[in-house]
Amino acid sequence: MVTPFRHVAGHLLWSASGIVWAVWRVESLPGGYLPARVRLELLGRITSLVRSMPSMEPRLFVLAARTDPGEVAERMVEGLDWQRLPAWAQSCAATVDLLCGQEMHERTVWLAVPLPVRGRTAARSFGALYAEVAAVLGIAPVPVPQAEVVAARAVAGRVQASLGGGLGLRPASPAEIVWMLQHALCRGIEEPLVCDAERSALYGSRVRGGQLHSPSYADLGQVRIAEGGRGKELAADAVGGKSGGAGAWWRSVATASPVGRKWLQVESEAGTGYQAHLVLAELPPAVSLESADVLAQLEGLPFPVDVTADLRVVPAKKARAQVQRKKRELLDQAEQYGAQPTGMPHSLPDAAGDLAEQDARMARTSVEVEVQSVTVLTVWAADAASCDARARELSAALSGADYRAIRPVGMQEDLFTLGLPGAVRPAKLGQFTQHQLSRDWAACGALTVSKVGDPAGVVIGYDLDSGTIRPVLLNPADAPQVNASASSAVVGELGGGKSVLEKLVTAGVVDRGGRAIVIDRTPIREWASFARSAMGERCQVIDAARAELSIDPLRVFGGAVGAHYALSYLTLQLGVGAMSAAGAVLHHAVEEVCAGVEPSMGKVLDVLAGLAEGPGTARADAAAAMADLLRIVRASPLAAMVFDPGLPPVTLEGDLGADMVVVTTAGLTLPPKEAFADVEVLRQQPLEALIGRAVLYLIAAIARQAAFTEPGRFCLVALDECYWLTSSAEGSALVHEILHDGRKHGAGVFLGAHDVDELGKDAGLVAYRFLARTTDQERAARGLRFLGLEGDDEDLVRLVTTGLSPVGQAGREGEMLLRDPRMRVGRIKVVVPPVARLKESIFTTPGRTPTSSAHGGTSS
C-alpha cells in the first residue's frame, strides 16, 4: 500500500496527490441525555459550522480509539505518588485485572480540510507524480519549499478562524495524524494508543535549508490488503471440503463464496485483521429531531464503529438550481405517466413534496447550504466470521431506523481508502452521495459523544451508554484545584445502590491520600464495619452511644473556640436564649471554667452549683435552674461523650487521628422536623431527642473543624441518609457550610437521600449528581430536574422508574444517572473492584455474601 502522505508539518499534511490538508482534533459536543433547549443550542452550533464552509470539501473522521487497561491505570494514578499509596496501588491492579480482555474504546473526532493554496500548481502536480514513482523506487520524496509551508499555515489559520465559532478545534500533531493511519491499518489487531500519540514528538517534518524535509513514512505502508481474503478458518474449511466439496462454488456457504466475502483482510507485521466497510446508500425522507442522531447512536452497539464522512458543501444558490431542475424532471415524468392507463406512481407526489419543502427551506435564508455526503461505516474483528457478523448486525440496526447501508462487492478497498488521512475520494463512490440541508446533516450526531465523569480519579463503574466497556472515573479531590465544587449527592429509593456508591467513592478518596469523615446513623453501624474492613488501622470509630471518646468542646477545641462551642451547646441543650438571664449565667460559668486549669463541661456544672448557693438573687435562681437541668442531662448515658472527664478527647490534629473517621449516632434521636417550628412543642420532646440534637451539634462542629483545618489535603464528609441531618437546623448548618465554603478549604460533602427535597435548600451547589431507581413518578420527576433534565419527559421518567436497576434482575444492580460538573449526563453502572477488603462489608443487602455481587450493590 502506498502511504497517502509524503510530508507532515504540524497539523498540515502534504498528500501523495498534491493536495495540502489541515487536520484538527475536534472537541466533541455532549450527547445523550440533554434538555430540549440545550439540544437545539448544540444543533445550532453544528449548523453554523457547516454553513461556514461552503467553499471547502472537508472530511470528518469519527474514530473509535482503543483504550488499554494500563491507560486506565495511568489515569487512576495521575498526579499521585502511587508508590507511597499501597492501598490505592492494590485497587488499581484489581481494576486492571477486571478490565483485561474487555473491548474498550473512546470516540474521537477529527476534521480534515483541503487547503486552497494558490500558486505552484505545476510544482505540486510534479511533486505528486514524483511521490508515486518514489514510492515504487524507494526514493525520498521531494522536499517542499519553506515559502509554501508558510503560505499553507496562513491559509490554515484563516480556515480555523472561520470554523472555530461552531466548536473547539485543536491542531493535530504529526504523531496523531500518523496514528489515524495506523488505526485504519490495525483494526482487528492490537493498535497503537491515541494517548501515546498525544504525547509523542515523532513523525514531524523539519525545515532545513529553506526546504521541508520529512522522516521516512515507508514503513507505514508495509501492509498487504486483500478484499475478501480468506481467514485461517475459511481456508481450513475449504481444504476439508466444507466450503463446497464436489459442488459449484455458488452452492457453498456464503463466507466461502467470492461474492459473500465482503470484507477486507489487512495483513501487517503486527498481525492480520478483518474489516467490513458499509456505505449509506439511502436515508429516510423524514425523521424526528429526537431520533435523528443515528451516528451518535452507534456508540450503543456492542462493538466499536468508525465513521468517515466526505462532504461537499454547496451554496444555496447552486443547490436551488439543482432542485429546480429535479422538479422540472418530475413534472415531465408526471406528464408521461399521465398518458398511461396505470396512472402515476405514488412515489412521485412524495418526491415532489420533498423537493418543494427543500426549495422552500433554502429560500428562507441566503446562508443555507446543501451537504452532499458520502458516509462510510467500518467495523472490524480478529477473524472474518466475527467481522461479517458485526457488519450484518450494524446493517440490521440501521435498517430498523430506515437507513440503508450496503457492502458493495469489489469496493471494500475503495471505502477503506476514504478513511485514510490525505487520500483522494475514489470517483466510483460518488454514486452513494446523499443530499441534506445543513440542519438535517447537523442532526445526525457525528460530532456528539456520550461521555460522563472526570479524566482521572476513582473508577466507580461503567458507562452504560456505550455498548463496549467504558470506565467512568470520578475525582472530587481535584475539583477544588480546577475551581469547581467537590460535593456530591445521590438520590434514590431503598436498594438503589446509594450506600455502595458512597462507600466506593469515600474509600477511593482515602486510598488516594485524602481524608474522610462519616456520620453514620444506621442501627447496624454499617459504615463502621466498612471502615474497619476497608481501612484497617487507618480508621477510627467514634461511637456516640458507647461513649469511648469525649467530644467535650472545652477539651477538644480549647480556648475561645472551645468556649464558643460550649456556650452554643449549653443554650441549645437547655433551650435558653443566649441573650437571656439564663444565657448570661451560662456565659459567666463557661468563662470562669476556661480561665481555670483543665477546663471541661463537668466543671461548668460545678460553677453553676456554686452560683446557685449564693444569696437569693435572680442570678442565683437562674444558676440553680440551669444546674438542675444540666444534672438531668449528665445523668443520661447519651451525654457521657460530653460530660465524662475520664474519656480521652477526640484529637483535632490534622486528621482526627485517622485517615477515615466514622462517627456513629445509633441510639441518638432527633425531634421531628415539625417540632422546630414551635418552641413549646420542641420543649415537650423526649429527653433523648433533645440530647441527640445537642450532641449532633457538637459532632457537626467537630466534623466542620476537622474538614477545614488542612486545605492542602482533601477531606470528604460523607452523610448517608442525610434526611436525619437536614431535618434539624444544626445538621443543615453543617451541610450549608461545606457546600458554600468547602472548595476554599479543600473539602466536599457526599449526601445520600431518598428524595431531592431531603438534600436541603442548597442542593443546587452540588456538582456531582446521581439519580438511582425511583419508582414514585413525582420523586422521579424531581430527581430528573435535579439533574437538569426535563421532569415531564415520559421516556426519562420511565427510565428512572423502571429502567434503572430493575428489582429482581440479577446483574442490573447499581444502575444510575450521573451528571458531572461539566453538565454532561450519562447512564452508568456502579462496579466494585475485586478487592477483598472493599467487598467484605460494602454491600448492605441482607444475606448477601462478599462474593455474590462483583459488579454492583444495593443500599438500604
# chains A, B, ... in the order shown; residues from 1 in each chain; ligands from 1

call {"tool": "residues_around", "arguments": {"residues": "A:Val369", "least_positions_apart": "3", "cutoff": "9 Å", "atoms": "only C-alpha atoms", "output": "number ranges by chain"}}
result
A: 50-51, 54, 313-319, 362, 366, 436-438

call {"tool": "residues_around", "arguments": {"residues": "stretch 194-211 of chain A", "least_positions_apart": "5", "cutoff": "12 Å", "atoms": "only C-alpha atoms", "output": "ChimeraX atom specification"}}
result
/A:5-14,25,63-68,70-72,74-75,105-109,141-150,170-183,216-220

call {"tool": "residues_around", "arguments": {"residues": "A:Glu592", "least_positions_apart": "6", "cutoff": "10 Å", "atoms": "only C-alpha atoms", "output": "MDAnalysis selection string"}}
result
chainID A and resid 586 599 603:604 607

call {"tool": "residues_around", "arguments": {"residues": "A:Ala707", "least_positions_apart": "6", "cutoff": "8 Å", "atoms": "only C-alpha atoms", "output": "number ranges by chain"}}
result
A: 517, 715-717, 745, 747

call {"tool": "closest_residue", "arguments": {"among": "A:Leu99, A:Val830, A:Leu398, A:Val62", "to": "A:Asp306", "atoms": "only C-alpha atoms"}}
result
A:Val62

call {"tool": "closest_residue", "arguments": {"among": "A:Pro4, A:Gly826, A:Pro645, A:Gly577", "to": "A:Tyr768", "atoms": "only C-alpha atoms"}}
result
A:Gly826

call {"tool": "closest_atom_pairs", "arguments": {"of": "stretch 374-424 of chain A", "to": "stretch 268-272 of chain A", "cutoff": "10 Å", "atoms": "only C-alpha atoms", "output": "Markdown table"}}
result
| residue | atom | partner | partner_atom | distance |
| --- | --- | --- | --- | --- |
| A:Ala381 | CA | A:Thr272 | CA | 9.7 |
| A:Ala382 | CA | A:Thr272 | CA | 7.2 |
| A:Asp383 | CA | A:Thr272 | CA | 8.4 |

call {"tool": "atom_distance", "arguments": {"atom1": "atom CA of A:Thr664", "atom2": "atom CA of A:Ser499"}}
result
15.3 Å

call {"tool": "atom_distance", "arguments": {"atom1": "atom CA of A:Gly742", "atom2": "atom CA of A:Ile828"}}
result
26.7 Å

call {"tool": "atom_distance", "arguments": {"atom1": "atom CA of A:Val305", "atom2": "atom CA of A:Tyr33"}}
result
21.0 Å

call {"tool": "closest_residue", "arguments": {"among": "A:Gly712, A:Pro833, A:Gly692, A:Gly467", "to": "A:Leu298", "atoms": "only C-alpha atoms"}}
result
A:Gly467

call {"tool": "closest_residue", "arguments": {"among": "A:Asp741, A:Glu778, A:Asp520, A:Asp463", "to": "A:Glu502", "atoms": "only C-alpha atoms"}}
result
A:Asp520

call {"tool": "select_by_dssp", "arguments": {"residues": "stretch 22-67 of chain A", "states": "helix (DSSP H, G or I)", "output": "number ranges by chain"}}
result
A: 36-51

call {"tool": "write_last_selection", "arguments": {"atoms": "C-alpha atoms", "output": "tab-separated table (two decimals), in the first residue's frame"}}
result
chain	number	residue	atom	x	y	z
A	36	ALA	CA	-34.58	20.21	24.56
A	37	ARG	CA	-33.23	23.76	24.76
A	38	VAL	CA	-29.64	22.52	25.08
A	39	ARG	CA	-30.11	20.06	22.22
A	40	LEU	CA	-31.37	22.87	19.98
A	41	GLU	CA	-28.46	25.08	21.00
A	42	LEU	CA	-25.91	22.40	20.09
A	43	LEU	CA	-27.73	21.73	16.84
A	44	GLY	CA	-27.47	25.42	16.02
A	45	ARG	CA	-23.72	25.42	16.68
A	46	ILE	CA	-23.11	22.48	14.35
A	47	THR	CA	-25.38	24.01	11.71
A	48	SER	CA	-23.38	27.23	11.93
A	49	LEU	CA	-20.17	25.24	11.47
A	50	VAL	CA	-21.47	23.55	8.33
A	51	ARG	CA	-22.71	26.83	6.86

call {"tool": "residues_around", "arguments": {"residues": "stretch 719-723 of chain A", "least_positions_apart": "2", "cutoff": "8 Å", "atoms": "only C-alpha atoms", "output": "number ranges by chain"}}
result
A: 499, 502, 518-521, 717, 725-727, 749-754, 758-759

call {"tool": "select_by_dssp", "arguments": {"residues": "stretch 692-752 of chain A", "states": "strand (DSSP E or B)", "output": "ChimeraX atom specification"}}
result
/A:715-719,747-752

call {"tool": "residues_around", "arguments": {"residues": "A:Val117", "least_positions_apart": "3", "cutoff": "8 Å", "atoms": "only C-alpha atoms", "output": "list in words"}}
result
Val20, Ala151, Ala152 and Val155 of chain A

call {"tool": "residues_around", "arguments": {"residues": "stretch 697-705 of chain A", "least_positions_apart": "2", "cutoff": "8 Å", "atoms": "only C-alpha atoms", "output": "number ranges by chain"}}
result
A: 517, 551, 553, 565, 569, 652, 663, 693-695, 707-709, 717, 730-731, 734, 738
